[in-house]
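For reference, upload16.cif (mmCIF, C-alpha atoms):
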```cif
data_protein
loop_
_atom_site.label_atom_id
_atom_site.label_comp_id
_atom_site.auth_asym_id
_atom_site.auth_seq_id
_atom_site.Cartn_x
_atom_site.Cartn_y
_atom_site.Cartn_z
CA MET A 1 39.64 -41.64 19.33
CA THR A 2 36.99 -38.94 18.81
CA GLU A 3 34.28 -39.91 16.33
CA PRO A 4 33.75 -37.49 13.43
CA GLY A 5 30.76 -35.20 13.64
CA PRO A 6 27.68 -35.41 11.42
CA PRO A 7 28.01 -34.95 7.64
CA LEU A 8 27.45 -31.49 6.19
CA VAL A 9 24.87 -31.45 3.37
CA VAL A 10 25.49 -28.08 1.70
CA VAL A 11 23.03 -26.49 -0.73
CA PHE A 12 25.34 -24.10 -2.60
CA ASN A 13 23.83 -21.39 -4.78
CA VAL A 14 26.79 -20.84 -7.11
CA GLY A 15 25.25 -17.60 -8.39
CA ALA A 16 25.78 -15.98 -4.99
CA GLY A 17 29.13 -15.00 -3.53
CA HIS A 18 30.19 -12.40 -6.12
CA GLY A 19 31.66 -14.98 -8.51
CA ARG A 20 33.71 -16.79 -5.87
CA ALA A 21 32.23 -20.26 -6.40
CA ASP A 22 35.58 -21.99 -6.98
CA GLU A 23 37.08 -20.40 -3.88
CA VAL A 24 34.10 -21.34 -1.71
CA ARG A 25 34.11 -24.91 -3.02
CA ALA A 26 37.85 -25.32 -2.33
CA THR A 27 37.48 -23.89 1.19
CA LEU A 28 34.69 -26.32 2.05
CA GLU A 29 36.46 -29.36 0.66
CA ALA A 30 39.77 -28.55 2.37
CA GLY A 31 38.17 -27.64 5.71
CA CYS A 32 36.00 -30.76 5.88
CA ALA A 33 38.90 -33.01 4.82
CA GLU A 34 41.10 -31.57 7.56
CA ALA A 35 38.34 -32.07 10.14
CA GLU A 36 37.58 -35.56 8.77
CA ARG A 37 33.97 -34.60 8.18
CA ALA A 38 31.86 -35.94 5.32
CA LEU A 39 30.74 -33.26 2.86
CA HIS A 40 27.86 -33.55 0.40
CA LEU A 41 27.97 -30.48 -1.84
CA LEU A 42 24.77 -29.94 -3.82
CA GLU A 43 25.44 -27.14 -6.28
CA VAL A 44 22.54 -25.11 -7.69
CA GLN A 45 23.20 -23.62 -11.11
CA ASP A 46 19.58 -22.67 -11.85
CA PRO A 47 17.76 -20.70 -9.10
CA GLN A 48 14.50 -22.34 -10.18
CA GLN A 49 15.89 -25.65 -8.88
CA LEU A 50 16.79 -24.29 -5.44
CA GLY A 51 13.62 -25.51 -3.68
CA ALA A 52 13.90 -29.04 -5.10
CA MET A 53 17.59 -29.19 -4.18
CA ALA A 54 16.79 -28.04 -0.62
CA ARG A 55 14.25 -30.84 -0.21
CA GLN A 56 16.80 -33.32 -1.57
CA ALA A 57 19.32 -32.07 1.00
CA VAL A 58 16.84 -32.56 3.85
CA ALA A 59 16.11 -36.14 2.73
CA LEU A 60 19.85 -36.92 2.56
CA ALA A 61 20.48 -35.36 5.98
CA GLN A 62 17.66 -37.38 7.51
CA GLN A 63 19.18 -40.57 6.10
CA THR A 64 22.71 -39.81 7.29
CA GLY A 65 22.06 -37.85 10.49
CA GLY A 66 23.60 -34.82 8.80
CA VAL A 67 23.30 -31.05 9.02
CA VAL A 68 21.58 -29.12 6.21
CA VAL A 69 23.60 -26.03 5.27
CA ALA A 70 22.54 -23.10 3.08
CA ALA A 71 25.38 -21.38 1.20
CA GLY A 72 24.09 -18.17 -0.37
CA GLY A 73 22.33 -14.91 0.39
CA ASP A 74 19.22 -14.32 2.48
CA GLY A 75 16.95 -15.59 -0.32
CA THR A 76 18.86 -18.88 -0.58
CA ILE A 77 18.88 -19.26 3.20
CA ASN A 78 15.12 -18.67 3.24
CA THR A 79 14.43 -21.39 0.66
CA VAL A 80 16.57 -23.97 2.46
CA ALA A 81 15.06 -23.03 5.84
CA GLN A 82 11.60 -23.60 4.35
CA ALA A 83 12.58 -27.21 3.64
CA VAL A 84 14.37 -27.72 6.97
CA LEU A 85 11.68 -26.33 9.31
CA GLY A 86 9.97 -29.21 11.11
CA SER A 87 12.25 -31.85 9.54
CA GLY A 88 14.26 -32.61 12.69
CA CYS A 89 17.51 -31.63 10.95
CA ALA A 90 20.02 -29.14 12.31
CA PHE A 91 20.53 -26.06 10.12
CA GLY A 92 23.70 -24.18 9.21
CA VAL A 93 24.56 -21.11 7.15
CA LEU A 94 27.51 -20.11 4.96
CA PRO A 95 26.64 -16.48 4.10
CA GLN A 96 27.43 -15.45 0.52
CA GLY A 97 25.06 -12.52 -0.05
CA THR A 98 25.22 -8.73 0.01
CA PHE A 99 23.42 -7.93 3.27
CA ASN A 100 23.46 -11.30 5.15
CA TYR A 101 21.04 -10.03 7.81
CA PHE A 102 20.14 -13.49 9.13
CA SER A 103 23.72 -14.70 9.60
CA ARG A 104 24.93 -11.39 11.06
CA THR A 105 22.09 -11.32 13.58
CA HIS A 106 23.20 -14.73 14.85
CA GLY A 107 26.90 -13.89 14.94
CA ILE A 108 27.88 -16.11 12.00
CA PRO A 109 31.04 -14.81 10.28
CA SER A 110 30.84 -13.61 6.68
CA GLU A 111 34.12 -15.29 5.71
CA THR A 112 33.51 -18.83 4.45
CA ALA A 113 36.42 -20.42 6.30
CA GLU A 114 35.34 -18.88 9.63
CA ALA A 115 31.67 -19.77 9.08
CA LEU A 116 32.71 -23.36 8.31
CA GLN A 117 34.43 -23.58 11.69
CA VAL A 118 31.12 -22.65 13.34
CA LEU A 119 29.47 -25.57 11.51
CA LEU A 120 32.24 -27.98 12.46
CA ALA A 121 32.01 -26.96 16.13
CA GLY A 122 28.37 -28.08 16.12
CA ARG A 123 26.84 -25.78 18.77
CA SER A 124 23.14 -25.25 18.10
CA GLN A 125 20.58 -22.81 19.45
CA PRO A 126 16.94 -22.19 18.48
CA ALA A 127 16.27 -19.44 15.92
CA GLN A 128 12.83 -17.86 15.55
CA VAL A 129 11.00 -18.20 12.23
CA GLY A 130 8.25 -15.99 10.85
CA LEU A 131 5.44 -17.28 8.64
CA VAL A 132 3.14 -15.57 6.16
CA GLY A 133 0.61 -18.23 5.32
CA GLU A 134 2.85 -21.28 5.25
CA ARG A 135 5.79 -19.42 3.75
CA VAL A 136 8.89 -18.89 5.90
CA PHE A 137 10.58 -15.56 6.45
CA LEU A 138 13.71 -15.13 8.56
CA VAL A 139 14.35 -11.43 7.92
CA ASN A 140 11.13 -9.77 6.74
CA ALA A 141 7.92 -10.11 4.75
CA SER A 142 6.11 -7.23 3.08
CA LEU A 143 3.31 -6.01 0.81
CA GLY A 144 2.98 -3.03 -1.50
CA LEU A 145 5.88 -0.71 -2.24
CA TYR A 146 8.62 -2.83 -0.67
CA PRO A 147 8.19 -5.78 -3.10
CA GLU A 148 8.31 -3.23 -5.96
CA LEU A 149 11.59 -1.89 -4.55
CA LEU A 150 13.01 -5.42 -4.48
CA GLU A 151 12.03 -6.15 -8.08
CA GLU A 152 13.63 -2.89 -9.21
CA ARG A 153 16.74 -3.75 -7.18
CA GLU A 154 17.09 -7.11 -8.95
CA ASP A 155 16.87 -5.40 -12.35
CA TRP A 156 19.61 -2.96 -11.31
CA LYS A 157 21.77 -5.78 -9.95
CA ARG A 158 21.63 -7.58 -13.28
CA GLN A 159 22.83 -4.41 -15.02
CA PHE A 160 25.25 -2.88 -12.51
CA GLY A 161 26.25 -5.69 -10.12
CA ARG A 162 25.57 -6.31 -6.43
CA SER A 163 26.37 -3.55 -3.96
CA ARG A 164 24.68 -1.41 -1.33
CA LEU A 165 25.01 1.64 -3.58
CA VAL A 166 23.19 -0.14 -6.40
CA ALA A 167 20.43 -1.19 -3.98
CA PHE A 168 20.05 2.42 -2.79
CA GLY A 169 19.91 3.76 -6.35
CA ALA A 170 17.25 1.23 -7.34
CA GLY A 171 15.13 2.21 -4.35
CA LEU A 172 15.44 5.88 -5.25
CA ALA A 173 14.36 5.22 -8.84
CA THR A 174 11.29 3.29 -7.66
CA LEU A 175 10.20 6.08 -5.33
CA LEU A 176 10.57 8.76 -8.00
CA ARG A 177 8.22 6.83 -10.31
CA GLY A 178 5.42 7.12 -7.75
CA HIS A 179 3.30 4.43 -6.09
CA ARG A 180 -0.24 3.64 -5.05
CA SER A 181 -1.56 2.89 -1.57
CA LEU A 182 -3.08 -0.37 -0.38
CA ARG A 183 -6.41 -0.36 1.46
CA LEU A 184 -6.29 -3.07 4.10
CA ARG A 185 -8.07 -4.29 7.19
CA VAL A 186 -5.45 -5.25 9.79
CA GLN A 187 -6.16 -7.24 12.95
CA SER A 188 -3.64 -7.61 15.79
CA GLN A 189 -3.84 -8.11 19.54
CA GLY A 190 -7.64 -8.28 19.44
CA GLN A 191 -8.02 -4.95 17.60
CA GLU A 192 -8.91 -4.28 13.97
CA ARG A 193 -8.34 -1.13 11.95
CA GLU A 194 -8.80 0.07 8.40
CA LEU A 195 -5.43 1.07 6.99
CA ARG A 196 -4.40 2.95 3.88
CA THR A 197 -0.69 2.50 3.33
CA PRO A 198 1.83 2.29 0.47
CA THR A 199 3.59 -0.61 2.20
CA LEU A 200 3.22 -3.04 5.10
CA PHE A 201 6.49 -4.46 6.43
CA VAL A 202 6.75 -7.27 9.00
CA GLY A 203 10.23 -7.76 10.45
CA ASN A 204 11.75 -10.81 12.12
CA ASN A 205 15.35 -9.57 12.28
CA ALA A 206 16.64 -7.45 15.13
CA LEU A 207 19.73 -6.24 13.26
CA GLN A 208 17.81 -4.83 10.29
CA LEU A 209 15.31 -3.08 12.58
CA GLN A 210 18.14 -1.67 14.71
CA GLN A 211 19.81 -0.25 11.62
CA LEU A 212 16.55 1.48 10.69
CA GLY A 213 16.23 2.85 14.22
CA LEU A 214 12.95 1.14 15.08
CA PRO A 215 12.10 0.52 18.76
CA GLU A 216 10.60 -2.93 18.04
CA ALA A 217 14.07 -4.30 17.23
CA GLU A 218 14.40 -6.01 20.62
CA ALA A 219 11.03 -7.77 20.20
CA ALA A 220 11.91 -9.24 16.79
CA GLY A 221 13.34 -12.71 17.24
CA ALA A 222 12.33 -12.78 20.91
CA GLY A 223 8.81 -14.15 20.52
CA CYS A 224 7.33 -11.31 18.46
CA LEU A 225 7.36 -9.81 14.99
CA ALA A 226 7.61 -6.08 14.25
CA ALA A 227 4.79 -4.79 12.04
CA ILE A 228 5.41 -1.42 10.37
CA ALA A 229 3.03 0.51 8.11
CA LEU A 230 3.60 3.85 6.43
CA ARG A 231 0.89 6.49 6.24
CA PRO A 232 0.27 7.83 2.70
CA VAL A 233 2.90 10.46 1.86
CA GLY A 234 4.21 12.25 -1.22
CA VAL A 235 7.45 11.55 -3.04
CA LEU A 236 9.40 14.25 -1.22
CA LYS A 237 8.38 12.97 2.20
CA MET A 238 9.17 9.41 1.07
CA LEU A 239 12.71 10.52 0.15
CA VAL A 240 13.08 12.08 3.60
CA LEU A 241 12.01 8.77 5.16
CA LEU A 242 14.51 6.91 2.99
CA TRP A 243 17.22 9.25 4.29
CA ARG A 244 16.07 8.69 7.89
CA GLY A 245 16.21 4.92 7.41
CA ALA A 246 19.73 5.13 5.95
CA PHE A 247 20.90 6.91 9.12
CA GLY A 248 18.98 4.75 11.62
CA ARG A 249 16.38 7.37 12.54
CA LEU A 250 13.21 5.91 11.03
CA GLY A 251 11.65 5.31 14.44
CA GLU A 252 11.43 9.10 14.96
CA ALA A 253 9.12 9.56 11.95
CA ASP A 254 5.48 10.45 12.68
CA GLU A 255 4.46 8.91 9.35
CA LEU A 256 5.06 5.37 10.64
CA ILE A 257 2.72 3.05 12.54
CA HIS A 258 4.69 0.27 14.26
CA VAL A 259 3.86 -2.41 16.81
CA ALA A 260 5.34 -5.65 18.18
CA THR A 261 2.97 -8.61 17.83
CA ARG A 262 2.92 -12.41 17.62
CA GLN A 263 0.28 -12.47 14.88
CA LEU A 264 -1.12 -10.08 12.31
CA THR A 265 -4.05 -10.83 9.98
CA VAL A 266 -4.44 -8.77 6.82
CA ARG A 267 -7.66 -8.63 4.79
CA PRO A 268 -8.85 -6.34 2.00
CA SER A 269 -10.69 -3.24 3.13
CA ARG A 270 -14.46 -3.55 3.30
CA ARG A 271 -14.60 -0.65 0.86
CA LEU A 272 -13.02 -2.72 -1.92
CA GLY A 273 -15.75 -5.32 -2.42
CA THR A 274 -14.45 -8.13 -4.64
CA PHE A 275 -10.81 -7.10 -4.26
CA GLY A 276 -10.48 -9.96 -1.77
CA SER A 277 -10.58 -12.50 -4.59
CA LYS A 278 -7.40 -11.06 -6.15
CA ARG A 279 -3.80 -11.89 -5.44
CA ILE A 280 -1.15 -9.55 -4.07
CA LYS A 281 2.64 -9.44 -4.32
CA VAL A 282 4.39 -10.56 -1.14
CA ALA A 283 8.15 -10.34 -0.58
CA THR A 284 9.78 -12.82 1.81
CA ASP A 285 13.50 -12.30 2.49
CA GLY A 286 13.98 -10.59 -0.86
CA GLU A 287 12.01 -13.09 -2.98
CA VAL A 288 8.75 -11.85 -4.51
CA SER A 289 5.74 -14.10 -5.15
CA TRP A 290 1.97 -13.81 -5.50
CA MET A 291 -0.30 -14.75 -2.58
CA ARG A 292 -4.01 -14.46 -1.96
CA LEU A 293 -5.63 -12.36 0.75
CA PRO A 294 -6.39 -12.77 3.61
CA LEU A 295 -2.85 -13.26 4.94
CA SER A 296 -1.70 -14.29 8.39
CA PHE A 297 1.74 -13.17 9.58
CA ARG A 298 2.81 -15.06 12.72
CA VAL A 299 5.66 -16.56 14.70
CA ALA A 300 6.12 -20.21 13.68
CA PRO A 301 5.46 -22.79 16.43
CA GLN A 302 8.75 -24.53 15.54
CA THR A 303 12.23 -23.01 15.62
CA LEU A 304 15.28 -23.76 13.52
CA ASP A 305 18.04 -25.74 15.27
CA LEU A 306 20.71 -23.29 14.09
CA LEU A 307 24.46 -23.90 14.36
CA ARG A 308 25.98 -20.64 15.54
CA PRO A 309 28.82 -19.36 17.73
CA PRO A 310 28.24 -19.73 21.47
CA GLU A 311 26.89 -16.77 23.39
CA PRO A 312 29.71 -14.93 25.18
CA ALA A 313 29.87 -15.79 28.85
CA PRO A 314 28.65 -13.00 31.14
CA ASP A 315 31.26 -11.12 33.09
CA PRO A 316 31.71 -12.67 36.54
CA VAL A 317 30.09 -10.80 39.40
CA PRO A 318 32.86 -9.70 41.76
CA GLU A 319 32.59 -10.99 45.31
CA PRO A 320 32.07 -8.28 47.89
CA ALA A 321 35.23 -7.28 49.69
CA PRO A 322 35.48 -8.38 53.32
CA PRO A 323 34.74 -5.59 55.81
CA SER A 324 37.77 -3.70 56.99
CA PRO A 325 38.72 -3.95 60.70
CA ALA A 326 37.79 -0.29 61.09
CA ALA A 327 34.21 -1.04 60.09
CA GLU A 328 33.75 -3.79 62.71
#
```

Step by step, read the file and then write its structure as structure tokens.
Amino acid sequence: MTEPGPPLVVVFNVGAGHGRADEVRATLEAGCAEAERALHLLEVQDPQQLGAMARQAVALAQQTGGVVVAAGGDGTINTVAQAVLGSGCAFGVLPQGTFNYFSRTHGIPSETAEALQVLLAGRSQPAQVGLVGERVFLVNASLGLYPELLEEREDWKRQFGRSRLVAFGAGLATLLRGHRSLRLRVQSQGQERELRTPTLFVGNNALQLQQLGLPEAEAAGAGCLAAIALRPVGVLKMLVLLWRGAFGRLGEADELIHVATRQLTVRPSRRLGTFGSKRIKVATDGEVSWMRLPLSFRVAPQTLDLLRPPEPAPDPVPEPAPPSPAAE
């Protein structure tokens, strides 16, 4: 008789999933019962409790030899991954968000029942993690305009609901209000430069970078991060860049500076004097917080032991045909 697999310890953000909490819960309970797998469902009603619940899930998984699973959007997955990294626990994902960049990059289905089958199959592979300071990011981290866009997007979501159209409208409204540039000193690959930019974006997700049309997409997740900075531009040019990004042509823009790197250190410009003692908004996978300069963006030394579908087998190489008698 086959022994049941490890328990699933699921941190479930019930606010995600477009109001489908009851359906998700029923799918998990029925699927685990059918597979004779233990399920510990830790439901998060208050987003402020998500970090504490993630740490509780890790402790329970360590005690039971279980798998820690994040059920939610990219922000929820980020918070749970922060607790899991370095814990020795396997990590799983049940995507419930709008964009689901992390799960889609790793081939994890968006439907809960299908994603659950990936967890029950138990095939794990390493997944690269980015760090800014000691804070995890799986998709991206950013300074400047991008965190402002995210905060505006959350306000719009609360009023108009979650959709790609709402996200686009919020971004447009932020750009039309205007923005100021950051003055930074950026060091990477042994070189340092003074940089004036409205936003600095560091990507760790090949799918998102591919959709924007950036050539560093292949490097992201394969040992490097993709650092992108925008030269100062006016509102009209910014709208053109937004259009380019929507159609996957951002890499063609001369207004961008982009490079693949394992580590990027960001300090205040020497011209700003005491600015270095101030804090700055940093967005990590859609969640905005305050951090203090200088900042170090880097690839984490550990990876996540991620449960995901197996890589498709390569097509067999056909054997060469034997020489014909005429050729002998």

Can you pull out every residue within 7 Å of Leu145 of chain A, counting all atoms listed in the file, but drop anything in the same chain fewer than 2 positions away, and send it as a list in words? Leu143, Pro147, Glu148, Leu149, His179, Pro198 and Thr199 of chain A

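Closest to Asp46 of chain A among A:Ala33, A:Asn13, A:Ala222, A:Gly75 is A:Asn13, based on all atoms listed in the file.
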
Could you tell me how far atom CA of Gly5 of chain A sits from atom CA of Ala38 of chain A, in Å to one decimal place? 8.4 Å

On this structure, which residues satisfy the PyMOL selection byres ((chain A and resi 128) around 7), written as a PyMOL selection string? chain A and resi 126-127+129-130+221+303-304

Just the residues within 8 Å of segment 295-298 of chain A, please, counting all atoms listed in the file, with nothing from its chain fewer than 2 positions along; format it as a list in words. Gly130, Leu131, Val132, Gly133, Val202, Leu225, Arg262, Gln263, Leu264, Thr265, Val266, Arg267, Arg292, Leu293 and Ala300 of chain A

Go through A:Gly86, A:Gly190, A:Pro301, A:Gly73 and flag the residue nearest Arg104 of chain A, using all atoms listed in the file for the distances. A:Gly73

Using the chain letters and numbers from this file, what does the PyMOL selection byres ((chain A and resi 227) around 10) select? Give the answer as a PDB file with C-alpha atoms, keeping the file's coordinate frame.
```
ATOM      1  CA  ASN A 140      11.130  -9.770   6.740  1.00  0.00           C
ATOM      2  CA  ALA A 141       7.920 -10.110   4.750  1.00  0.00           C
ATOM      3  CA  SER A 142       6.110  -7.230   3.080  1.00  0.00           C
ATOM      4  CA  SER A 188      -3.640  -7.610  15.790  1.00  0.00           C
ATOM      5  CA  LEU A 200       3.220  -3.040   5.100  1.00  0.00           C
ATOM      6  CA  PHE A 201       6.490  -4.460   6.430  1.00  0.00           C
ATOM      7  CA  VAL A 202       6.750  -7.270   9.000  1.00  0.00           C
ATOM      8  CA  GLY A 203      10.230  -7.760  10.450  1.00  0.00           C
ATOM      9  CA  ASN A 204      11.750 -10.810  12.120  1.00  0.00           C
ATOM     10  CA  GLU A 216      10.600  -2.930  18.040  1.00  0.00           C
ATOM     11  CA  ALA A 220      11.910  -9.240  16.790  1.00  0.00           C
ATOM     12  CA  CYS A 224       7.330 -11.310  18.460  1.00  0.00           C
ATOM     13  CA  LEU A 225       7.360  -9.810  14.990  1.00  0.00           C
ATOM     14  CA  ALA A 226       7.610  -6.080  14.250  1.00  0.00           C
ATOM     15  CA  ILE A 228       5.410  -1.420  10.370  1.00  0.00           C
ATOM     16  CA  ALA A 229       3.030   0.510   8.110  1.00  0.00           C
ATOM     17  CA  ILE A 257       2.720   3.050  12.540  1.00  0.00           C
ATOM     18  CA  HIS A 258       4.690   0.270  14.260  1.00  0.00           C
ATOM     19  CA  VAL A 259       3.860  -2.410  16.810  1.00  0.00           C
ATOM     20  CA  ALA A 260       5.340  -5.650  18.180  1.00  0.00           C
ATOM     21  CA  THR A 261       2.970  -8.610  17.830  1.00  0.00           C
ATOM     22  CA  ARG A 262       2.920 -12.410  17.620  1.00  0.00           C
ATOM     23  CA  GLN A 263       0.280 -12.470  14.880  1.00  0.00           C
ATOM     24  CA  LEU A 264      -1.120 -10.080  12.310  1.00  0.00           C
ATOM     25  CA  PHE A 297       1.740 -13.170   9.580  1.00  0.00           C
TER      26      PHE A 297
END
```

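Distance check against Thr284 of chain A using only C-alpha atoms: of A:Gln56, A:Asn78, A:Thr112, A:Gln62, the minimum falls on A:Asn78.
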
Could you list the residues chosen by the PyMOL selection byres ((chain A and resi 306) around 6) in this structure as number ranges by chain? A: 91-92, 124-126, 304-305, 307

Counting only C-alpha atoms, what is within 9 Å of Gly107 of chain A, bar same-chain residues fewer than 3 positions away, as a short mmCIF file (atom, residue, chain, number, x, y, z; two decimals) with C-alpha atoms, in the coordinates of the input?
```cif
data_model
loop_
_atom_site.label_atom_id
_atom_site.label_comp_id
_atom_site.auth_asym_id
_atom_site.auth_seq_id
_atom_site.Cartn_x
_atom_site.Cartn_y
_atom_site.Cartn_z
CA PHE A 102 20.14 -13.49 9.13
CA SER A 103 23.72 -14.70 9.60
CA ARG A 104 24.93 -11.39 11.06
CA ARG A 308 25.98 -20.64 15.54
CA PRO A 309 28.82 -19.36 17.73
CA PRO A 310 28.24 -19.73 21.47
CA GLU A 311 26.89 -16.77 23.39
#
```

So which residues touch Gly97 of chain A within 12 Å, counting all atoms listed in the file, skipping near sequence neighbours fewer than 3 positions away, as a PyMOL selection string? chain A and resi 12-20+70-77+93-94+100-104+110-112+162-164+285-286
